[in-house]
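Asker: Let me give you the structure first, and then I'll get to my questions.
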Amino acid sequence: MELAYIPSPSRGVLYLGPIPLRGYAFCIIIGVFIAVWLGNRRWVARGGQSGTVADIAVWAVPFGLVGGRLYHVITDYELYFSPGRDWVDAFKVWQGGLGIWGAIALGALGAWIGARRRGIPMPAYADAVAPGIALAQAMGRWGNWFNQELYGRETHLPWALHITSSEGGRVPGYYHPTFLYESLWCIGVAFLVMWADRRFKLGHGRAFALYVAAYCVGRGWIEYMRVDDAHHILGLRLNDWTALIVFLLAVTYMILSARLRPGREEVVEPLAAGGVASGGSAEDTETDTGAGKPAASEPKAEPADEPEPKAPAEEPESATKKS
């Protein structure tokens, strides 16, 4: 008899009257709010405007959800398109199945579109939201707990996860709670990025690259512990190879970026710094900075209809004689 273990929920859906509240979706929604809240605080601290992070998230979040689902469906296509499977299940996101690699890739594309529309440098935005994304992942992993999925090998440690469901080929028993391991790792990554950002003044996307590299390190050993079905290449799970490749790319970017663009951006949002909003023109900038003032003196030369424009010039002469 096990004296201690992590119990699994009896069901992953709660009903508020006729409205189903799915634990998996709830965790993702809470994670998004955490990411936007923290990202907004960091963006304002960098000199940006409050609300900009949320505005760009309107683009990034839908793209990220689509990307995460696409990655999962493509890499586990046999779950939806093999004989005896229903391809409609590929659209049932609430049942689980979001690949973080696809979510980050397409989410970054959506963020780039939103940032470009506001005239904001994408690397600066990525640096601001990086810790929040890590915390969002930490929260989102608890959705796997609600669905009783993505656990590790069998164990009898005091913190073992008790799986009770037998659906989808599950075998009830006690397993490593890899969802918990990854959740705690992501929290550590978030604090690491915030500390390094304050200590070394990371800029030009290097804080985001540090988040990616640190996450890949943890995902590598956690992925190795999982026992769910996955494609293998040379004895390693596909996600292990993905983590290795992405880790090398992130580290390479950090090294090259530090050499080519040292320091941190001084202005992250032109509008907040007194510049021009996206869509503004160079003429507007000249007017705001005073470069367009010569044009304001042109009306003084316009009165050509006056009968004797030189007459007033005689008054200074008399005034000189009096003095």
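We name chains A, B, ... following the order of the structure tokens; residues begin at 1 in each chain, and ligands are numbered from 1 as shown.
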How close does stretch 35-97 of chain A get to stretch 148-170 of chain A? List, as a Markdown table, each residue of stretch 35-97 of chain A within 12 Å, its nearest atom pair and the distance in Å to one decimal, counting only C-alpha atoms.

Answerer:
```
| residue | atom | partner | partner_atom | distance |
| --- | --- | --- | --- | --- |
| A:Leu79 | CA | A:Gly168 | CA | 10.4 |
| A:Gln95 | CA | A:Glu149 | CA | 10.2 |
| A:Gly96 | CA | A:Glu149 | CA | 8.5 |
| A:Gly97 | CA | A:Glu149 | CA | 9.8 |
```

Asker: Restricted to all heavy atoms, what would the selected residues look like written as a PDB file, in the first residue's frame?

Answerer:
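Just written: selection_12.pdb:
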```
ATOM      1  N   LEU A  79      -2.510   8.949 -34.655  1.00  0.00           N
ATOM      2  CA  LEU A  79      -3.608   9.024 -33.691  1.00  0.00           C
ATOM      3  C   LEU A  79      -4.896   9.514 -34.320  1.00  0.00           C
ATOM      4  O   LEU A  79      -5.976   9.346 -33.735  1.00  0.00           O
ATOM      5  CB  LEU A  79      -3.222   9.955 -32.535  1.00  0.00           C
ATOM      6  CG  LEU A  79      -2.018   9.545 -31.681  1.00  0.00           C
ATOM      7  CD1 LEU A  79      -1.737  10.614 -30.624  1.00  0.00           C
ATOM      8  CD2 LEU A  79      -2.278   8.195 -31.023  1.00  0.00           C
ATOM      9  N   GLN A  95      -9.030  17.902 -25.670  1.00  0.00           N
ATOM     10  CA  GLN A  95      -8.657  16.564 -25.239  1.00  0.00           C
ATOM     11  C   GLN A  95      -7.148  16.435 -25.009  1.00  0.00           C
ATOM     12  O   GLN A  95      -6.661  15.369 -24.638  1.00  0.00           O
ATOM     13  CB  GLN A  95      -9.122  15.529 -26.259  1.00  0.00           C
ATOM     14  CG  GLN A  95     -10.626  15.403 -26.352  1.00  0.00           C
ATOM     15  CD  GLN A  95     -11.073  14.331 -27.332  1.00  0.00           C
ATOM     16  OE1 GLN A  95     -10.251  13.725 -28.037  1.00  0.00           O
ATOM     17  NE2 GLN A  95     -12.368  14.063 -27.373  1.00  0.00           N
ATOM     18  N   GLY A  96      -6.419  17.521 -25.234  1.00  0.00           N
ATOM     19  CA  GLY A  96      -4.975  17.492 -25.046  1.00  0.00           C
ATOM     20  C   GLY A  96      -4.252  17.401 -26.378  1.00  0.00           C
ATOM     21  O   GLY A  96      -4.824  16.994 -27.393  1.00  0.00           O
ATOM     22  N   GLY A  97      -2.996  17.769 -26.364  1.00  0.00           N
ATOM     23  CA  GLY A  97      -2.189  17.655 -27.566  1.00  0.00           C
ATOM     24  C   GLY A  97      -1.800  18.997 -28.158  1.00  0.00           C
ATOM     25  O   GLY A  97      -2.344  19.412 -29.183  1.00  0.00           O
TER      26      GLY A  97
END
```

Asker: Based on the backbone DSSP call, show me all residues of stretch 42-180 of chain A assigned alpha helix (DSSP H), as a ChimeraX atom specification.

Answerer: /A:42-45,52-75,78-81,100-117,122-140,142-147,178-180

Asker: Looking at only C-alpha atoms, which of A:Arg85, A:Arg141, A:Arg11, A:Arg116 is the one that sits closest to A:Cys27?

Answerer: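 For A:Cys27, the nearest of the given residues is A:Arg141.
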
Asker: With distances taken over only C-alpha atoms, which residue among A:Met225, A:Ala258, A:Ala130, A:Ala60 lies nearest A:Leu192?

Answerer: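 Closest residue, counting only C-alpha atoms: A:Ala130.
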
Asker: I'd like the contact shell of A:Pro9 - 8 Å cut-off, only C-alpha atoms, skipping same-chain residues fewer than 3 positions apart - returned as a list in words.

Answerer: Gly12, Trp145, Phe146 and Gln148 of chain A

Asker: Measuring between only C-alpha atoms, which one of A:Leu202, A:Ala207, A:Val66, A:Leu180 shows the shortest distance to A:Pro262?

Answerer: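 Checking each candidate against A:Pro262, we get A:Leu202 as the closest.
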
Asker: Taking into account only C-alpha atoms, which residue in the set A:Val129, A:Trp142, A:Gln137, A:Tyr77 is nearest to A:Asp197?

Answerer: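 Ranking A:Val129, A:Trp142, A:Gln137, A:Tyr77 by distance to A:Asp197, first place goes to A:Val129.
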
Asker: Using only C-alpha atoms, find the one residue out of A:His204, A:Arg219, A:Arg42, A:Arg118 that sits nearest to A:Phe247.

Answerer: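 Among the listed residues, the smallest separation from A:Phe247 belongs to A:Arg219.
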
Asker: Using only C-alpha atoms for the distances, tell me which of A:Tyr125, A:Tyr24, A:Trp241, A:Tyr175 is nearest to A:Gly48.

Answerer: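 Closest to A:Gly48 of all the choices is A:Tyr125.
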
Asker: Near A:Ala57, within 12 Å and counting only C-alpha atoms, which residues show up once chain neighbours fewer than 4 positions away are dropped, as a PyMOL selection string?

Answerer: chain A and resi 32-37+39-40+51-53+61-65+107-115+125-126+129+132-133

Asker: Would you mind listing what lies within 7 Å of A:Met254 as an MDAnalysis selection string, with only C-alpha atoms counted and same-chain residues fewer than 3 positions away left out?

Answerer: chainID A and resid 206 209 250:251 257:258

Asker: Those residues you just picked out, can you put them in a file as an mmCIF file, in the first residue's frame with N, CA, C and O atoms?

Answerer:
```cif
data_model
loop_
_atom_site.group_PDB
_atom_site.id
_atom_site.type_symbol
_atom_site.label_atom_id
_atom_site.label_comp_id
_atom_site.auth_asym_id
_atom_site.auth_seq_id
_atom_site.Cartn_x
_atom_site.Cartn_y
_atom_site.Cartn_z
ATOM 1 N N ARG A 206 18.179 38.307 -26.616
ATOM 2 C CA ARG A 206 19.013 37.347 -25.886
ATOM 3 C C ARG A 206 18.313 36.785 -24.642
ATOM 4 O O ARG A 206 18.585 35.642 -24.252
ATOM 5 N N ALA A 209 16.257 34.040 -26.046
ATOM 6 C CA ALA A 209 17.113 32.913 -26.421
ATOM 7 C C ALA A 209 17.557 32.128 -25.193
ATOM 8 O O ALA A 209 17.648 30.895 -25.228
ATOM 9 N N ALA A 250 19.582 28.330 -30.213
ATOM 10 C CA ALA A 250 19.419 29.416 -29.240
ATOM 11 C C ALA A 250 20.766 29.888 -28.714
ATOM 12 O O ALA A 250 21.015 31.098 -28.598
ATOM 13 N N VAL A 251 21.662 28.957 -28.400
ATOM 14 C CA VAL A 251 22.987 29.332 -27.889
ATOM 15 C C VAL A 251 23.779 30.068 -28.964
ATOM 16 O O VAL A 251 24.465 31.062 -28.688
ATOM 17 N N SER A 257 24.600 37.360 -31.368
ATOM 18 C CA SER A 257 23.917 38.610 -31.053
ATOM 19 C C SER A 257 24.754 39.471 -30.107
ATOM 20 O O SER A 257 24.816 40.697 -30.253
ATOM 21 N N ALA A 258 25.385 38.829 -29.128
ATOM 22 C CA ALA A 258 26.209 39.585 -28.190
ATOM 23 C C ALA A 258 27.391 40.249 -28.883
ATOM 24 O O ALA A 258 27.837 41.325 -28.485
#
```

Asker: Per DSSP on the backbone, filter stretch 44-278 of chain A down to the residues in strand (DSSP E or B) and report them as a list in words.

Answerer: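 Put together, the selection reads Gly152, Glu154, Leu161, His162, Ile163, Gly173, Tyr174, Tyr175, Arg226, His232, Ile233, Leu236 and Arg237 of chain A.
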
Asker: Could you tell me how far atom CA of A:Trp195 lies from atom CA of A:Thr242, in Å and to one decimal?

Answerer: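 Rounded to one decimal, the two atoms are 26.5 Å apart.
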
Asker: Can you measure atom CA of A:Met194 to atom CA of A:Gly102 for me? One decimal in Å is fine.

Answerer: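 Between atom CA of A:Met194 and atom CA of A:Gly102 the gap is 24.2 Å.
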